[in-house]
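*Asks:* Okay, so here is start-v3.cif, and as you'll see once you scroll down, it has mmCIF, C-alpha atoms.
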```cif
data_entry
#
loop_
_atom_site.label_atom_id
_atom_site.label_comp_id
_atom_site.auth_asym_id
_atom_site.auth_seq_id
_atom_site.Cartn_x
_atom_site.Cartn_y
_atom_site.Cartn_z
CA MET A 184 20.08 -23.73 -24.27
CA GLU A 185 20.28 -27.38 -25.37
CA THR A 186 22.17 -29.95 -23.32
CA TRP A 187 23.43 -33.28 -24.59
CA GLN A 188 24.03 -36.61 -22.88
CA ARG A 189 25.72 -39.74 -24.19
CA ASP A 190 23.71 -42.89 -23.72
CA PRO A 191 26.17 -45.63 -22.80
CA GLY A 192 23.71 -48.30 -23.91
CA ALA A 193 23.12 -46.92 -27.35
CA SER A 194 25.28 -47.34 -30.39
CA GLY A 195 24.68 -43.82 -31.66
CA GLY A 196 26.24 -40.56 -30.59
CA PRO A 197 24.97 -38.08 -28.01
CA ARG A 198 21.22 -37.65 -27.54
CA ARG A 199 19.28 -34.50 -26.69
CA THR A 200 17.85 -34.21 -23.15
CA ALA A 201 14.07 -34.11 -23.35
CA GLY A 202 12.15 -31.33 -21.72
CA SER A 203 14.79 -28.59 -21.48
CA PRO A 204 12.83 -26.03 -23.53
CA GLY A 205 9.73 -26.89 -21.51
CA ARG A 206 11.54 -26.31 -18.24
CA LEU A 207 12.87 -22.96 -19.44
CA LEU A 208 9.39 -21.96 -20.59
CA ALA A 209 7.93 -22.94 -17.21
CA GLN A 210 10.60 -20.88 -15.45
CA GLY A 211 9.87 -17.86 -17.59
CA LEU A 212 6.13 -18.14 -17.05
CA LEU A 213 6.60 -18.38 -13.28
CA VAL A 214 8.79 -15.26 -13.26
CA LEU A 215 6.34 -13.33 -15.44
CA ALA A 216 3.38 -14.40 -13.33
CA GLY A 217 5.24 -13.45 -10.16
CA LEU A 218 6.24 -10.03 -11.43
CA ALA A 219 2.72 -9.34 -12.68
CA THR A 220 1.18 -10.32 -9.33
CA ALA A 221 3.66 -8.22 -7.36
CA ALA A 222 3.10 -5.28 -9.72
CA PHE A 223 -0.65 -5.56 -9.14
CA GLY A 224 0.01 -5.41 -5.40
CA PHE A 225 2.18 -2.31 -5.76
CA GLY A 226 -0.55 -0.79 -7.94
CA LEU A 227 -3.15 -1.36 -5.22
CA TYR A 228 -0.79 0.27 -2.74
CA LEU A 229 -0.34 3.36 -4.94
CA ASP A 230 -4.08 3.66 -5.66
CA THR A 231 -4.88 3.56 -1.94
CA HIS A 232 -2.15 6.10 -1.21
CA ASP A 233 -3.43 8.45 -3.92
CA GLU A 234 -6.95 8.30 -2.52
CA ALA A 235 -5.66 8.98 1.00
CA VAL A 236 -3.75 12.16 0.13
CA ALA A 237 -5.59 13.52 -2.93
CA HIS A 238 -7.63 16.03 -0.92
CA HIS A 239 -4.48 18.00 -0.13
CA THR A 240 -4.10 19.16 -3.73
CA ALA A 241 -7.69 18.94 -4.99
CA PRO A 242 -9.51 22.24 -5.71
CA ALA A 243 -12.38 23.45 -3.55
CA CYS A 244 -15.86 22.83 -4.90
CA GLY A 245 -17.63 25.88 -6.24
CA THR A 246 -14.49 27.69 -7.36
CA THR A 247 -13.22 28.43 -10.85
CA ALA A 248 -10.55 25.77 -10.32
CA ALA A 249 -13.25 23.11 -10.02
CA PRO A 250 -15.59 23.21 -13.03
CA PRO A 251 -18.57 20.81 -13.08
CA GLY A 252 -17.50 17.19 -13.21
CA THR A 253 -14.15 17.83 -11.53
CA ASP A 254 -13.21 15.99 -8.34
CA CYS A 255 -13.17 18.62 -5.63
CA VAL A 256 -13.12 19.10 -1.88
CA ARG A 257 -16.43 20.16 -0.34
CA SER A 258 -16.62 22.14 2.88
CA GLU A 259 -19.24 21.48 5.54
CA SER A 260 -19.72 22.86 9.02
CA GLY A 261 -20.17 20.70 12.12
CA ARG A 262 -20.68 21.22 15.83
CA VAL A 263 -18.76 19.59 18.67
CA THR A 264 -21.22 17.57 20.75
CA ALA A 265 -18.82 15.56 22.93
CA ARG A 266 -15.19 15.60 24.04
CA LYS A 267 -13.26 12.66 25.48
CA THR A 268 -9.71 11.70 26.40
CA ASP A 269 -9.13 7.95 26.39
CA GLY A 270 -5.52 7.41 25.44
CA ALA A 271 -6.23 9.90 22.64
CA TYR A 272 -7.99 13.23 22.25
CA LEU A 273 -11.41 12.64 20.70
CA LEU A 274 -14.05 15.06 19.44
CA THR A 275 -17.53 13.98 18.39
CA VAL A 276 -18.95 16.26 15.71
CA ALA A 277 -22.57 16.50 14.59
CA ARG A 278 -22.75 16.99 10.84
CA GLU A 279 -25.27 18.76 8.62
CA THR A 280 -25.92 15.94 6.18
CA ALA A 281 -24.73 12.78 7.95
CA PRO A 282 -24.65 11.13 11.39
CA ALA A 283 -22.28 12.40 14.07
CA GLN A 284 -18.68 11.25 13.74
CA THR A 285 -15.76 11.07 16.17
CA PHE A 286 -12.32 12.35 15.20
CA GLU A 287 -8.93 12.02 16.83
CA VAL A 288 -7.10 15.35 17.23
CA ASP A 289 -3.94 16.55 18.94
CA GLN A 290 -3.83 18.09 22.41
CA ASP A 291 -3.77 21.72 21.24
CA PHE A 292 -6.74 21.19 18.97
CA TYR A 293 -8.65 19.45 21.75
CA GLN A 294 -7.96 22.14 24.34
CA SER A 295 -9.01 24.94 22.00
CA THR A 296 -12.51 23.54 21.55
CA ALA A 297 -15.56 23.28 23.77
CA ILE A 298 -18.97 21.67 23.53
CA GLY A 299 -20.94 23.62 20.93
CA ALA A 300 -17.88 24.85 19.00
CA ASP A 301 -18.40 25.08 15.23
CA VAL A 302 -15.72 23.26 13.24
CA GLU A 303 -15.07 22.98 9.52
CA LEU A 304 -15.05 19.63 7.75
CA ARG A 305 -13.39 18.98 4.40
CA LEU A 306 -15.06 16.18 2.44
CA TRP A 307 -13.41 14.18 -0.31
CA HIS A 308 -15.52 11.67 -2.25
CA GLY A 309 -18.12 11.85 0.52
CA ARG A 310 -15.62 11.05 3.27
CA VAL A 311 -14.47 13.53 5.91
CA ALA A 312 -10.78 13.89 5.13
CA GLU A 313 -9.92 16.72 7.52
CA VAL A 314 -11.43 18.66 10.41
CA SER A 315 -10.24 22.16 11.36
CA TYR A 316 -10.93 24.86 13.94
CA HIS A 317 -9.27 28.27 14.47
CA GLY A 318 -5.97 27.35 12.83
CA HIS A 319 -5.90 23.77 14.14
CA SER A 320 -6.44 20.86 11.79
CA ALA A 321 -6.52 17.09 12.05
CA GLU A 322 -6.46 14.48 9.33
CA ASN A 323 -9.07 11.75 9.27
CA PRO A 324 -7.01 9.06 7.52
CA VAL A 325 -8.54 6.34 5.41
CA GLY A 326 -8.59 2.85 6.86
CA THR A 327 -5.42 1.13 5.74
CA ARG A 328 -5.67 -2.34 7.29
CA LEU A 329 -7.84 -3.99 4.65
CA PRO A 330 -6.02 -2.60 1.59
CA SER A 331 -2.69 -3.33 3.29
CA LEU A 332 -3.71 -6.97 3.69
CA GLY A 333 -4.46 -7.09 -0.02
CA VAL A 334 -1.13 -5.48 -0.85
CA ALA A 335 0.74 -7.91 1.40
CA ALA A 336 -1.01 -10.98 -0.04
CA LEU A 337 -0.38 -9.97 -3.65
CA VAL A 338 3.24 -8.91 -3.18
CA ALA A 339 4.07 -12.02 -1.10
CA ALA A 340 2.48 -14.35 -3.65
CA GLY A 341 4.20 -12.57 -6.51
CA SER A 342 7.52 -12.76 -4.70
CA ALA A 343 7.19 -16.50 -4.12
CA LEU A 344 6.42 -17.12 -7.80
CA THR A 345 9.28 -14.88 -8.93
CA VAL A 346 11.87 -16.53 -6.70
CA ARG A 347 10.57 -19.99 -7.59
CA GLY A 348 10.91 -19.21 -11.27
CA LEU A 349 14.41 -17.78 -10.90
CA THR A 350 15.68 -20.76 -8.86
CA ARG A 351 13.70 -23.61 -10.42
CA SER A 352 16.69 -25.01 -12.29
CA ARG A 353 18.80 -25.17 -9.13
CA ARG A 354 18.64 -27.93 -6.55
CA ASP A 355 20.28 -26.18 -3.60
CA THR A 356 17.75 -23.42 -2.89
CA GLY A 357 15.33 -25.43 -0.77
CA ASP A 358 12.26 -23.35 0.05
CA ALA A 359 13.79 -20.00 -0.86
CA HIS A 360 10.54 -18.89 -2.48
CA LEU A 361 8.59 -19.58 0.71
CA GLY A 362 11.23 -17.77 2.78
CA ALA A 363 10.90 -14.71 0.54
CA ALA A 364 7.10 -14.71 0.93
CA VAL A 365 7.34 -15.07 4.72
CA VAL A 366 9.67 -12.07 4.94
CA ILE A 367 7.97 -9.86 2.37
CA GLY A 368 4.35 -10.44 3.43
CA PRO A 369 4.53 -8.92 6.94
CA CYS A 370 6.92 -6.19 5.78
CA ALA A 371 4.52 -5.22 2.98
CA TYR A 372 1.61 -5.06 5.41
CA ILE A 373 3.44 -2.97 8.01
CA GLY A 374 5.11 -0.74 5.44
CA SER A 375 1.95 0.03 3.46
CA THR A 376 -0.05 0.66 6.62
CA PHE A 377 2.55 3.22 7.65
CA LEU A 378 3.25 4.83 4.26
CA ILE A 379 -0.25 5.08 2.72
CA PRO A 380 -1.40 8.14 4.74
CA TRP A 381 1.83 10.12 4.29
CA GLN A 382 2.02 12.91 1.74
CA TRP A 383 5.58 12.19 0.68
CA PRO A 384 7.08 12.49 -2.84
CA LEU A 385 6.42 9.50 -5.08
CA VAL A 386 10.13 8.69 -5.16
CA LEU A 387 9.91 7.91 -1.43
CA VAL A 388 6.40 6.46 -1.30
CA LEU A 389 7.23 3.92 -4.01
CA GLY A 390 11.01 3.87 -3.85
CA ILE A 391 11.32 2.70 -0.23
CA PRO A 392 9.13 -0.42 -0.55
CA LEU A 393 10.42 -1.22 -4.05
CA LEU A 394 14.06 -1.16 -2.93
CA GLY A 395 13.18 -3.34 0.05
CA TRP A 396 11.38 -5.81 -2.22
CA LEU A 397 14.32 -5.99 -4.62
CA ALA A 398 16.74 -6.55 -1.74
CA VAL A 399 14.75 -9.51 -0.38
CA ILE A 400 14.30 -11.05 -3.84
CA THR A 401 18.01 -10.70 -4.56
CA ALA A 402 18.92 -12.28 -1.22
CA ALA A 403 16.50 -15.16 -1.74
CA VAL A 404 17.89 -15.92 -5.20
CA THR A 405 21.59 -15.54 -4.45
CA LEU A 406 22.08 -16.35 -0.78
CA LEU A 407 19.49 -18.91 0.29
#
```
Would you put the structure from the file into structure tokens?
*Replies:*
Amino acid sequence: METWQRDPGASGGPRRTAGSPGRLLAQGLLVLAGLATAAFGFGLYLDTHDEAVAHHTAPACGTTAAPPGTDCVRSESGRVTARKTDGAYLLTVARETAPAQTFEVDQDFYQSTAIGADVELRLWHGRVAEVSYHGHSAENPVGTRLPSLGVAALVAAGSALTVRGLTRSRRDTGDAHLGAAVVIGPCAYIGSTFLIPWQWPLVLVLGIPLLGWLAVITAAVTLL
């Protein structure tokens, strides 16, 4: 949109304000860059979530449902070599093809085992995803701290750029873009750390953080 000003010191009529198209272009580029960065962060979050829960629906290796080349869950037996309670119930399991590994289980699982008990391990992409014994099972969740830090950094940076682009033409917003990043960054870290391991429907896994993100962006643009 073009704006016009009248130059009181000039004999001619109104003159066009220089730079308006450039400012609008800069605003648009900031918004696009912010949305792209935030979308990349949400993509990292979904990829990590998919990897964390994929073993629940993947076929078992060696069955007709898992032809060669298909991602599948491999079963392996292990033997309990140590038991410990230290604020959690822990079982150390010696594996057939890898070093011993310690797993956190619930109380019933722990009490049903003994040193020397044979347990079943379910492996997904070479990682033990689940351990089970006589009807008891325990997840071995993927580490979520590092990917959650990446998610938080990307979404916070994208949010700051988006808010900055949307408010760049206004003079009364102060550091609204920084405020949005400060709020969204920790929330994205905590939320992704909590949600990544859960096998919830996609509408909840993605919908909850996306609605929260939109709410903060809207507040930063309209209220701050």
*Asks:* List as number ranges by chain the protein and nucleic acid residues near range 334-348 of chain A, meaning an atom at most 7 Å away when all atoms listed in the file are counted, but skip any in the same chain fewer than 5 places from it.
*Replies:* A: 210-211, 213-214, 216-218, 220-221, 224-225, 227-228, 360-361, 363-364, 367-369, 371-372, 400, 403-404
*Asks:* Would you kindly translate the PyMOL selection byres ((chain A and resi 309-322) around 9) into the concrete residues it picks from this file, as a list in words?
*Replies:*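 After applying the PyMOL selection byres ((chain A and resi 309-322) around 9), what remains is Ala235, Val236, His238, Arg257, Phe286, Glu287, Val288, Asp289, Asp291, Phe292, Ser295, Thr296, Ala300, Asp301, Val302, Glu303, Leu304, Arg305, Leu306, Trp307, His308, Asn323, Pro324 and Val325 of chain A.
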*Asks:* When you draw a straight line from CA of Leu215 in chain A to CA of His232 in chain A, how long is it in Å?
*Replies:*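 Computing the Euclidean distance for CA of Leu215 in chain A and CA of His232 in chain A yields 25.5 Å.
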*Asks:* What's the 9 Å shell around Ala283 in chain A, counting only C-alpha atoms, without same-chain residues fewer than 6 positions away, as a count of residues only?
*Replies:* 5
*Asks:* For a quick check of understanding, using all atoms listed in the file, which of A:Leu349, A:Ala243, A:Leu229, A:Ala398 has the smallest distance to Leu208 in chain A?
*Replies:*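 For Leu208 in chain A, the nearest of the candidates is A:Leu349.
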*Asks:* Give the answer as one residue: which of A:Asp230, A:Ala209, A:Gln382, A:Ala222 has the shortest atom-to-atom distance to Trp396 in chain A, using all atoms listed in the file?
*Replies:*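 Smallest distance to Trp396 in chain A is found for A:Ala222.
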*Asks:* Enter the distance from CA of Leu389 in chain A to CA of Ser331 in chain A, in Å, rounded to one decimal.
*Replies:* 14.3 Å
*Asks:* Using CA of Thr405 in chain A and CA of Phe223 in chain A as the two end points, give the distance in Å to one decimal.
*Replies:*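 For CA of Thr405 in chain A relative to CA of Phe223 in chain A, the distance reads 24.8 Å.
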